[in-house]
Amino acid sequence: MIKVATYAVLIAAMVAFGFGVYRVAGSMKSDAGHSVRPSSTTAVALPYTMYVAQQGALYQFQGGQFKQITGDNGWTEPSASPDGTMLVVVSKHLNYSDLYLLAPNGQVKSQLTHHEAASVEGNHWGFLPRFSADGTQVFYSYDSTDPYDSSYRVDLAIYERPASQGGSAVRWTDPNQYTGGDTYPVALRDGGLLYTRYSIDDKSQVHSQIRLVSGRGASGSALTAAGDDCEQPALSPDQTSIAMICRRGSTQSTQLVLASIDAGSGQIGHQSVLVTGQMAAAPAFSPDGKTIAFLAPVQQGGPFQLWTVPAVASASPAAARPITQNVALDSGSAPVWIP
Amino acid sequence: MGEFAAGGIQPNRSRWPALPLPRASRIVAGFVLAGLLGLTAYFVPLFQSSATPLQTSGGGLLNPISGPTDPFTVLLLGSDDDTKFAQDQYNTQSMILVRVDPANKQATMLSIPRDLWVPIAGQGYTGKIDTAYQKGGVDSAIATVQNNFHVHIDDYVWIGLKGLVKLIDSMGGVNIVVTNPVMDNFYPNDLDTSSPYGYYRVALLPGPVHLDGIHALQYVRSRHGDLRGDFARSERQQQLLMAMKAQSSRLSISDLPDLARAMNGEVKTSISLDRIRSPFSVLGQYNGSGIHRVLLGPPFTSEGWAEGQSVVFPDWSQILPLVHQSFP
């Protein structure tokens with residue numbers, strides 16, 4: 001009887017050993033695609049309050065803890081009102097997206113746009129909303145109907161609409177045709193607007209430039225050179241510094257660049273590269289203007305994590321530090337960082 | 001005599017049959033066998049894939065890579081393989097020639113326009129180059145490229161829509177810098193549907209992104225909203241290959257079973273799975289500056305009409321010197 005039991009234990013141990021080998025082999029797989037919900041992990045604590053988006057949900061980040069404040073319903077690209085009491089957020093669905101106003105706790109206050117249509121090509125997109133400096137208006141990218149009725153042309157343009165229900169949207173920019181259009185609006189205090197325009201040169205190379213337009217319908221001017229391929233501008237709270245993402249011809253990596261900006265003259269100063277050789281995206285200044293948050297993978301090929309770097313021209317790339325390790329943040333959703 | 005016997009236990013009284021190995025050795029062997037079984041179970045998709053290699057209709061490798069430092073050329077073919085088409089009678093919407101020179105750590109990717117108007121090898125007609133695979137299989141596709149571009153192709157890889165999605169998902173996704181908004185009102189809704197002629201809208205915003213298989217497919221397949229049409233798509237396809245190369249450097253041998261599962265039935269190639277790591281590992285040593293990307297837009301080609309179709313005409317006097325330089 002003892003012998004039978006001994007053999008049974010040995011056989012069970014062998015089976016367990018074989019299963020363990022199987023599990024160990026599986027554990028040696030690369031973990032590039034592995035990620036968790038922000039609310040399932042902790043992170044380095046940062047001052048103030050931050051909002052980020054991941055896979056259809058918004059998360060509030062305070063004291064190193066993430067709290068999910070919406071359901072997984074296509075929520076992305078949040079932006080805060082100047083007083084921090086309201087968020088304007090995109091809700092993306094199949095074929096269309098709309099803008100909503102949300103309270104800081106994630107409660108829906110109102111739906112600003114209604115872009116859903118019965119026919120597929122009758123739908124519209126609304127992306128990348130930002131409040132005006134006084135908080136009464138919202139700037140965003142919108143694909144209007146092609147004036148020549150070509151359903152193939154889908155170019156985004158920058159529009160402005162009231163930050164409340166009702167009222168109509170007015171167009172600010174006229175994008176280059178068949179480039180995908182104008183994106184990333186940022187409102188200036190003096191009523192002007194920063195945005196990103198795309199162009200295709202005679203060698204079929206795509207370029208992006210950050211432009212400044214003083215008012216609706218004005219022609220505006222480029223702040224960055226075509227060869228720098230800069231986009232995703234973010235302004236410091238005092239609007240004297242600009243952070244942006246520049247790829248300089250690369251399609252495999254980007255740079256996080258800091259420069260001074262004079263919105264009055266439409267000039268930016270010397271460009272300092274704060275982060276290079278990574279896929280840095282979506283910069284945002286801290287409320288005190290001393291730090292820039294951005295998104296980038298921690299491991300090559302991995303999902304995007306939250307990082308910070310000092311907002312000073314002399315900061316070395318080594319000064320950048322990852323705040324999260326294993327989430328998968330929407331890289332097109334710049335962190336919202338408010339007091 | 002084993003250890004148990006040395007301890008005074010009489011083996012002859014046992015009801016268990018006597019085996020030639022001592023008992024302690026049998027126990028060790030049992031654990032080794034169990035471990036091997038565990039490894040075998042883990043890698044079984046790899047063995048299945050290797051046991052049923054997908055080869056050219058002519059059988060065998062076109063031209064096996066003879067050494068780790070010899071340059072080799074692979075023709076990459078991508079097809080819409082949804083239910084609109086008969087089994088294995090697909091056009092190859094994506095045709096990319098890749099030459100890898102391990103010794104010099106150089107690689108060249110040349111995208112062939114799918115509408116390129118050329119004589120189709122073995123079929124007796126002139127038509128769009130993407131029809132060669134449909135009419136004459138991979139042999140015709142390879143011969144058509146070889147005959148027209150005056151290159152030698154060592155191997156090929158064909159992949160369908162689902163195959164690409166599964167492959168990228170099994171790699172954990174890819175990271176790409178989207179250069180401009182990719183907008184398409186008529187993106188085909190032909191995966192996992194009984195109505196393959198439907199469509200939906202696609203919008204990928206510019207900037208660095210992490211794409212899963214479905215969104216990566218949208219990125220390389222969308223073409224309606226871009227001024228450069230099919231050439232923009234070709235450029236994005238090359239960009240995806242670069243991203244996959246970067247991602248492959250992260251993979252370990254433990255990732256191979258997942259890759260094998262993804263590729264089983266979705267990928268056809270003259271390269272067996274144990275050899276497919278070689279090109280990937282070679283490419284993994286390269287940085288971006290060692291990889292040259294070639295698109296055959298103007299002045300190498302011009303758009304026009306032939307037999308009622310919108311086609312791309314080649315200017316061989318411009319193309320062949322370029323090809324000779326890149327694919328000697």
# chains A, B, ... in the order shown; residues from 1 in each chain; ligands from 1
call {"tool": "select_by_dssp", "arguments": {"residues": "region 98-164 of chain B", "states": "alpha helix (DSSP H)", "output": "mmCIF file with N, CA and C atoms, in the first residue's frame"}}
result
data_model
loop_
_atom_site.group_PDB
_atom_site.id
_atom_site.type_symbol
_atom_site.label_atom_id
_atom_site.label_comp_id
_atom_site.auth_asym_id
_atom_site.auth_seq_id
_atom_site.Cartn_x
_atom_site.Cartn_y
_atom_site.Cartn_z
ATOM 1 N N ALA B 132 -0.961 38.295 -61.550
ATOM 2 C CA ALA B 132 -0.123 37.128 -61.856
ATOM 3 C C ALA B 132 -0.379 35.992 -60.868
ATOM 4 N N TYR B 133 -0.485 36.332 -59.592
ATOM 5 C CA TYR B 133 -0.709 35.301 -58.564
ATOM 6 C C TYR B 133 -2.074 34.652 -58.755
ATOM 7 N N GLN B 134 -3.062 35.466 -59.104
ATOM 8 C CA GLN B 134 -4.410 34.930 -59.277
ATOM 9 C C GLN B 134 -4.472 33.963 -60.462
ATOM 10 N N LYS B 135 -3.789 34.326 -61.536
ATOM 11 C CA LYS B 135 -3.890 33.515 -62.752
ATOM 12 C C LYS B 135 -2.953 32.315 -62.732
ATOM 13 N N GLY B 136 -1.763 32.512 -62.195
ATOM 14 C CA GLY B 136 -0.777 31.433 -62.295
ATOM 15 C C GLY B 136 -0.116 31.044 -60.995
ATOM 16 N N GLY B 137 -0.692 31.485 -59.899
ATOM 17 C CA GLY B 137 -0.131 31.111 -58.604
ATOM 18 C C GLY B 137 1.179 31.808 -58.313
ATOM 19 N N VAL B 138 1.839 31.335 -57.277
ATOM 20 C CA VAL B 138 3.053 32.014 -56.830
ATOM 21 C C VAL B 138 4.177 31.886 -57.851
ATOM 22 N N ASP B 139 4.171 30.769 -58.602
ATOM 23 C CA ASP B 139 5.222 30.613 -59.613
ATOM 24 C C ASP B 139 5.137 31.714 -60.661
ATOM 25 N N SER B 140 3.914 32.027 -61.075
ATOM 26 C CA SER B 140 3.737 33.085 -62.065
ATOM 27 C C SER B 140 4.091 34.447 -61.480
ATOM 28 N N ALA B 141 3.699 34.667 -60.229
ATOM 29 C CA ALA B 141 4.022 35.949 -59.588
ATOM 30 C C ALA B 141 5.536 36.147 -59.511
ATOM 31 N N ILE B 142 6.236 35.097 -59.105
ATOM 32 C CA ILE B 142 7.698 35.196 -58.989
ATOM 33 C C ILE B 142 8.340 35.389 -60.359
ATOM 34 N N ALA B 143 7.892 34.573 -61.324
ATOM 35 C CA ALA B 143 8.484 34.662 -62.661
ATOM 36 C C ALA B 143 8.208 36.023 -63.288
ATOM 37 N N THR B 144 7.026 36.572 -63.051
ATOM 38 C CA THR B 144 6.688 37.884 -63.618
ATOM 39 C C THR B 144 7.609 38.966 -63.055
ATOM 40 N N VAL B 145 7.843 38.900 -61.755
ATOM 41 C CA VAL B 145 8.743 39.895 -61.151
ATOM 42 C C VAL B 145 10.168 39.679 -61.650
ATOM 43 N N GLN B 146 10.594 38.425 -61.691
ATOM 44 C CA GLN B 146 11.967 38.144 -62.148
ATOM 45 C C GLN B 146 12.170 38.602 -63.585
ATOM 46 N N ASN B 147 11.197 38.280 -64.455
ATOM 47 C CA ASN B 147 11.354 38.598 -65.877
ATOM 48 C C ASN B 147 11.360 40.103 -66.122
ATOM 49 N N ASN B 148 10.484 40.811 -65.435
ATOM 50 C CA ASN B 148 10.348 42.242 -65.718
ATOM 51 C C ASN B 148 11.412 43.086 -65.022
ATOM 52 N N PHE B 149 11.773 42.676 -63.813
ATOM 53 C CA PHE B 149 12.722 43.497 -63.046
ATOM 54 C C PHE B 149 14.158 42.984 -63.156
ATOM 55 N N LEU B 161 -5.088 38.624 -45.151
ATOM 56 C CA LEU B 161 -5.513 39.653 -44.206
ATOM 57 C C LEU B 161 -5.475 39.143 -42.768
ATOM 58 N N LYS B 162 -6.136 38.008 -42.550
ATOM 59 C CA LYS B 162 -6.185 37.475 -41.184
ATOM 60 C C LYS B 162 -4.794 37.087 -40.712
ATOM 61 N N GLY B 163 -3.982 36.589 -41.632
ATOM 62 C CA GLY B 163 -2.626 36.200 -41.259
ATOM 63 C C GLY B 163 -1.841 37.370 -40.722
ATOM 64 N N LEU B 164 -1.978 38.514 -41.393
ATOM 65 C CA LEU B 164 -1.243 39.696 -40.931
ATOM 66 C C LEU B 164 -1.750 40.147 -39.566
#
call {"tool": "residues_around", "arguments": {"residues": "region 212-217 of chain B", "least_positions_apart": "3", "cutoff": "7 Å", "atoms": "only C-alpha atoms", "output": "list of chain:residue names"}}
result
B:Leu164, B:Val165, B:Lys166, B:Ile168, B:Asp169, B:Gly173, B:Val174, B:Val220, B:Arg221
call {"tool": "closest_atom_pairs", "arguments": {"of": "chain A", "to": "chain B", "cutoff": "8 Å", "atoms": "only C-alpha atoms", "output": "tab-separated table"}}
result
residue	atom	partner	partner_atom	distance
A:Leu10	CA	B:Ile27	CA	7.7
A:Met14	CA	B:Phe31	CA	5.1
A:Val15	CA	B:Ala34	CA	6.2
A:Phe17	CA	B:Gly35	CA	6.3
A:Gly18	CA	B:Gly35	CA	4.3
A:Phe19	CA	B:Gly38	CA	5.7
A:Gly20	CA	B:Gly38	CA	7.5
A:Val21	CA	B:Gly38	CA	5.5
A:Tyr22	CA	B:Gly38	CA	4.6
A:Ala25	CA	B:Ser254	CA	6.0
A:Gly26	CA	B:Ser254	CA	6.2
A:Ser27	CA	B:Ser254	CA	8.0
A:Met28	CA	B:Ser254	CA	5.8
A:Lys29	CA	B:Ser254	CA	4.9
A:Ser30	CA	B:Leu251	CA	5.6
A:Asp31	CA	B:Gly172	CA	7.4
A:Ala32	CA	B:Gly172	CA	5.5
A:Gly33	CA	B:Gly172	CA	3.8
A:His34	CA	B:Gly172	CA	7.3
A:Leu94	CA	B:Arg201	CA	7.3
A:Asn95	CA	B:Arg201	CA	4.8
A:Tyr96	CA	B:Arg201	CA	7.8
A:Val120	CA	B:Tyr200	CA	6.2
A:Glu121	CA	B:Asn185	CA	5.7
A:Ser151	CA	B:Asn185	CA	6.9
A:Tyr152	CA	B:His224	CA	5.6
A:Arg153	CA	B:Gly225	CA	5.3
A:Val154	CA	B:Gly225	CA	5.8
A:Asp155	CA	B:Met183	CA	7.3
A:Gln177	CA	B:Leu227	CA	7.4
A:Tyr178	CA	B:Leu227	CA	4.8
A:Thr179	CA	B:Asp226	CA	5.7
A:Gly180	CA	B:Pro181	CA	4.4
A:Gly181	CA	B:Pro181	CA	6.8
A:Tyr198	CA	B:Asn180	CA	6.4
A:Ser204	CA	B:Arg228	CA	7.1
A:Val206	CA	B:Thr179	CA	6.6
A:His207	CA	B:Thr179	CA	7.4
A:Ser208	CA	B:Asn180	CA	7.5
A:Glu231	CA	B:Gly207	CA	7.8
A:Gln232	CA	B:Gly207	CA	7.8
A:Thr251	CA	B:Val177	CA	5.1
A:Gln252	CA	B:Val177	CA	6.0
A:Ser253	CA	B:Val177	CA	6.9
A:Thr254	CA	B:Pro208	CA	7.8
A:Met279	CA	B:Pro208	CA	5.8
A:Ala280	CA	B:Pro208	CA	7.0
A:Ala281	CA	B:Pro208	CA	6.0
A:Gln300	CA	B:Gln247	CA	7.2
A:Gly301	CA	B:Gln247	CA	5.4
A:Gly302	CA	B:Asn175	CA	7.3
A:Pro303	CA	B:His210	CA	5.8
A:Phe304	CA	B:His210	CA	7.2
A:Asp330	CA	B:Val209	CA	7.8
A:Ser331	CA	B:Val209	CA	5.7
A:Gly332	CA	B:Gly207	CA	6.9
call {"tool": "select_by_dssp", "arguments": {"residues": "region 128-264 of chain A", "states": "strand (DSSP E or B)", "output": "ChimeraX atom specification"}}
result
/A:128-131,137-142,156-162,170-171,181,183-187,193-200,206-213,221-222,230-235,241-246,254-262
call {"tool": "residues_around", "arguments": {"residues": "region 314-319 of chain A", "least_positions_apart": "5", "cutoff": "7 Å", "atoms": "only C-alpha atoms", "output": "ChimeraX atom specification"}}
result
/A:274-276,309
call {"tool": "write_last_selection", "arguments": {"atoms": "N, CA and C atoms", "output": "CSV table (one decimal), in the first residue's frame"}}
result
chain,number,residue,atom,x,y,z
A,274,LEU,N,14.5,67.5,-25.6
A,274,LEU,CA,14.5,66.9,-24.2
A,274,LEU,C,14.5,65.4,-24.2
A,275,VAL,N,13.9,64.8,-25.3
A,275,VAL,CA,13.9,63.4,-25.4
A,275,VAL,C,14.1,63.0,-26.8
A,276,THR,N,15.0,62.0,-27.1
A,276,THR,CA,15.2,61.6,-28.5
A,276,THR,C,15.4,60.1,-28.5
A,309,VAL,N,9.6,64.8,-17.7
A,309,VAL,CA,10.9,65.4,-17.9
A,309,VAL,C,10.8,66.8,-17.4
call {"tool": "atom_distance", "arguments": {"atom1": "CA of Ala43 (chain A)", "atom2": "CA of Val327 (chain A)"}}
result
10.0 Å
call {"tool": "residues_around", "arguments": {"residues": "Phe313 (chain B)", "least_positions_apart": "5", "cutoff": "7 Å", "atoms": "only C-alpha atoms", "output": "PyMOL selection string"}}
result
chain B and resi 116-117+301-304
call {"tool": "closest_residue", "arguments": {"among": "A:Ile268, A:Ile69, A:Ala163, A:Ala284", "to": "Pro233 (chain A)", "atoms": "only C-alpha atoms"}}
result
A:Ala284
call {"tool": "residues_around", "arguments": {"residues": "Leu194 (chain A)", "least_positions_apart": "4", "cutoff": "9 Å", "atoms": "only C-alpha atoms", "output": "MDAnalysis selection string"}}
result
chainID A and resid 184:188 210:214 233
call {"tool": "write_last_selection", "arguments": {"atoms": "N, CA, C and O atoms", "output": "PDB file, in the first residue's frame"}}
result
ATOM      1  N   TYR A 184      -4.725  68.978 -33.885  1.00  0.00           N
ATOM      2  CA  TYR A 184      -4.090  69.443 -32.648  1.00  0.00           C
ATOM      3  C   TYR A 184      -4.234  70.952 -32.413  1.00  0.00           C
ATOM      4  O   TYR A 184      -3.231  71.677 -32.321  1.00  0.00           O
ATOM      5  N   PRO A 185      -5.459  71.459 -32.322  1.00  0.00           N
ATOM      6  CA  PRO A 185      -5.641  72.882 -32.005  1.00  0.00           C
ATOM      7  C   PRO A 185      -5.276  73.180 -30.549  1.00  0.00           C
ATOM      8  O   PRO A 185      -5.512  72.360 -29.651  1.00  0.00           O
ATOM      9  N   VAL A 186      -4.670  74.346 -30.341  1.00  0.00           N
ATOM     10  CA  VAL A 186      -4.395  74.851 -28.992  1.00  0.00           C
ATOM     11  C   VAL A 186      -4.729  76.337 -28.988  1.00  0.00           C
ATOM     12  O   VAL A 186      -4.156  77.109 -29.769  1.00  0.00           O
ATOM     13  N   ALA A 187      -5.659  76.746 -28.124  1.00  0.00           N
ATOM     14  CA  ALA A 187      -6.101  78.142 -28.110  1.00  0.00           C
ATOM     15  C   ALA A 187      -5.108  79.025 -27.368  1.00  0.00           C
ATOM     16  O   ALA A 187      -4.545  78.620 -26.338  1.00  0.00           O
ATOM     17  N   LEU A 188      -4.903  80.222 -27.894  1.00  0.00           N
ATOM     18  CA  LEU A 188      -4.034  81.214 -27.251  1.00  0.00           C
ATOM     19  C   LEU A 188      -4.875  82.230 -26.493  1.00  0.00           C
ATOM     20  O   LEU A 188      -6.059  82.445 -26.810  1.00  0.00           O
ATOM     21  N   ILE A 210       3.731  73.143 -37.316  1.00  0.00           N
ATOM     22  CA  ILE A 210       2.870  73.836 -36.362  1.00  0.00           C
ATOM     23  C   ILE A 210       2.681  75.263 -36.866  1.00  0.00           C
ATOM     24  O   ILE A 210       3.653  75.953 -37.188  1.00  0.00           O
ATOM     25  N   ARG A 211       1.433  75.661 -36.952  1.00  0.00           N
ATOM     26  CA  ARG A 211       1.109  76.976 -37.498  1.00  0.00           C
ATOM     27  C   ARG A 211       0.399  77.817 -36.439  1.00  0.00           C
ATOM     28  O   ARG A 211      -0.225  77.296 -35.503  1.00  0.00           O
ATOM     29  N   LEU A 212       0.495  79.112 -36.622  1.00  0.00           N
ATOM     30  CA  LEU A 212      -0.188  80.078 -35.758  1.00  0.00           C
ATOM     31  C   LEU A 212      -1.121  80.901 -36.620  1.00  0.00           C
ATOM     32  O   LEU A 212      -0.722  81.431 -37.668  1.00  0.00           O
ATOM     33  N   VAL A 213      -2.358  80.979 -36.212  1.00  0.00           N
ATOM     34  CA  VAL A 213      -3.326  81.814 -36.922  1.00  0.00           C
ATOM     35  C   VAL A 213      -3.932  82.775 -35.897  1.00  0.00           C
ATOM     36  O   VAL A 213      -4.284  82.374 -34.777  1.00  0.00           O
ATOM     37  N   SER A 214      -3.988  84.042 -36.273  1.00  0.00           N
ATOM     38  CA  SER A 214      -4.404  85.060 -35.305  1.00  0.00           C
ATOM     39  C   SER A 214      -5.913  85.118 -35.119  1.00  0.00           C
ATOM     40  O   SER A 214      -6.387  85.577 -34.078  1.00  0.00           O
ATOM     41  N   PRO A 233       1.471  70.312 -30.500  1.00  0.00           N
ATOM     42  CA  PRO A 233       1.980  71.393 -29.649  1.00  0.00           C
ATOM     43  C   PRO A 233       1.275  71.429 -28.296  1.00  0.00           C
ATOM     44  O   PRO A 233       0.092  71.107 -28.180  1.00  0.00           O
TER      45      PRO A 233
END
call {"tool": "residues_around", "arguments": {"residues": "region 216-223 of chain A", "least_positions_apart": "3", "cutoff": "10 Å", "atoms": "only C-alpha atoms", "output": "ChimeraX atom specification"}}
result
/A:158-160,170-174,191-197,208-213,226,230,261,263,266-269
call {"tool": "decode", "arguments": {"residues": "region 43-57 of chain A", "atoms": "N, CA, C and O atoms", "output": "PDB file, in the first residue's frame"}}
result
ATOM      1  N   ALA A  43       1.714  53.750  -9.450  1.00  0.00           N
ATOM      2  CA  ALA A  43       2.742  54.453 -10.207  1.00  0.00           C
ATOM      3  C   ALA A  43       3.423  55.455  -9.298  1.00  0.00           C
ATOM      4  O   ALA A  43       3.011  55.667  -8.156  1.00  0.00           O
ATOM      5  N   VAL A  44       4.471  56.046  -9.839  1.00  0.00           N
ATOM      6  CA  VAL A  44       5.164  57.098  -9.100  1.00  0.00           C
ATOM      7  C   VAL A  44       4.194  58.264  -8.891  1.00  0.00           C
ATOM      8  O   VAL A  44       3.498  58.682  -9.816  1.00  0.00           O
ATOM      9  N   ALA A  45       4.142  58.767  -7.674  1.00  0.00           N
ATOM     10  CA  ALA A  45       3.210  59.866  -7.388  1.00  0.00           C
ATOM     11  C   ALA A  45       3.700  61.155  -8.033  1.00  0.00           C
ATOM     12  O   ALA A  45       4.896  61.460  -8.031  1.00  0.00           O
ATOM     13  N   LEU A  46       2.743  61.898  -8.596  1.00  0.00           N
ATOM     14  CA  LEU A  46       3.035  63.211  -9.165  1.00  0.00           C
ATOM     15  C   LEU A  46       2.165  64.251  -8.469  1.00  0.00           C
ATOM     16  O   LEU A  46       1.076  63.921  -7.989  1.00  0.00           O
ATOM     17  N   PRO A  47       2.619  65.491  -8.399  1.00  0.00           N
ATOM     18  CA  PRO A  47       1.760  66.523  -7.811  1.00  0.00           C
ATOM     19  C   PRO A  47       0.574  66.833  -8.726  1.00  0.00           C
ATOM     20  O   PRO A  47       0.592  66.524  -9.914  1.00  0.00           O
ATOM     21  N   TYR A  48      -0.440  67.435  -8.140  1.00  0.00           N
ATOM     22  CA  TYR A  48      -1.645  67.856  -8.872  1.00  0.00           C
ATOM     23  C   TYR A  48      -2.481  66.639  -9.299  1.00  0.00           C
ATOM     24  O   TYR A  48      -2.259  65.518  -8.842  1.00  0.00           O
ATOM     25  N   THR A  49      -3.414  66.892 -10.218  1.00  0.00           N
ATOM     26  CA  THR A  49      -4.319  65.847 -10.710  1.00  0.00           C
ATOM     27  C   THR A  49      -4.142  65.696 -12.211  1.00  0.00           C
ATOM     28  O   THR A  49      -3.984  66.688 -12.920  1.00  0.00           O
ATOM     29  N   MET A  50      -4.170  64.469 -12.654  1.00  0.00           N
ATOM     30  CA  MET A  50      -3.986  64.198 -14.079  1.00  0.00           C
ATOM     31  C   MET A  50      -5.116  63.305 -14.576  1.00  0.00           C
ATOM     32  O   MET A  50      -5.667  62.502 -13.817  1.00  0.00           O
ATOM     33  N   TYR A  51      -5.454  63.468 -15.859  1.00  0.00           N
ATOM     34  CA  TYR A  51      -6.424  62.581 -16.512  1.00  0.00           C
ATOM     35  C   TYR A  51      -5.754  61.972 -17.740  1.00  0.00           C
ATOM     36  O   TYR A  51      -5.094  62.686 -18.509  1.00  0.00           O
ATOM     37  N   VAL A  52      -5.927  60.675 -17.905  1.00  0.00           N
ATOM     38  CA  VAL A  52      -5.390  59.983 -19.072  1.00  0.00           C
ATOM     39  C   VAL A  52      -6.478  59.058 -19.613  1.00  0.00           C
ATOM     40  O   VAL A  52      -7.493  58.802 -18.954  1.00  0.00           O
ATOM     41  N   ALA A  53      -6.251  58.569 -20.834  1.00  0.00           N
ATOM     42  CA  ALA A  53      -7.210  57.658 -21.465  1.00  0.00           C
ATOM     43  C   ALA A  53      -6.522  56.349 -21.814  1.00  0.00           C
ATOM     44  O   ALA A  53      -5.341  56.335 -22.189  1.00  0.00           O
ATOM     45  N   GLN A  54      -7.265  55.270 -21.660  1.00  0.00           N
ATOM     46  CA  GLN A  54      -6.759  53.963 -22.093  1.00  0.00           C
ATOM     47  C   GLN A  54      -7.916  53.095 -22.558  1.00  0.00           C
ATOM     48  O   GLN A  54      -8.846  52.830 -21.801  1.00  0.00           O
ATOM     49  N   GLN A  55      -7.836  52.697 -23.817  1.00  0.00           N
ATOM     50  CA  GLN A  55      -8.763  51.718 -24.396  1.00  0.00           C
ATOM     51  C   GLN A  55     -10.222  52.012 -24.060  1.00  0.00           C
ATOM     52  O   GLN A  55     -10.963  51.164 -23.593  1.00  0.00           O
ATOM     53  N   GLY A  56     -10.619  53.260 -24.303  1.00  0.00           N
ATOM     54  CA  GLY A  56     -12.024  53.616 -24.205  1.00  0.00           C
ATOM     55  C   GLY A  56     -12.489  54.121 -22.860  1.00  0.00           C
ATOM     56  O   GLY A  56     -13.675  54.397 -22.683  1.00  0.00           O
ATOM     57  N   ALA A  57     -11.580  54.252 -21.898  1.00  0.00           N
ATOM     58  CA  ALA A  57     -11.977  54.732 -20.572  1.00  0.00           C
ATOM     59  C   ALA A  57     -11.054  55.866 -20.124  1.00  0.00           C
ATOM     60  O   ALA A  57      -9.896  55.937 -20.540  1.00  0.00           O
TER      61      ALA A  57
END
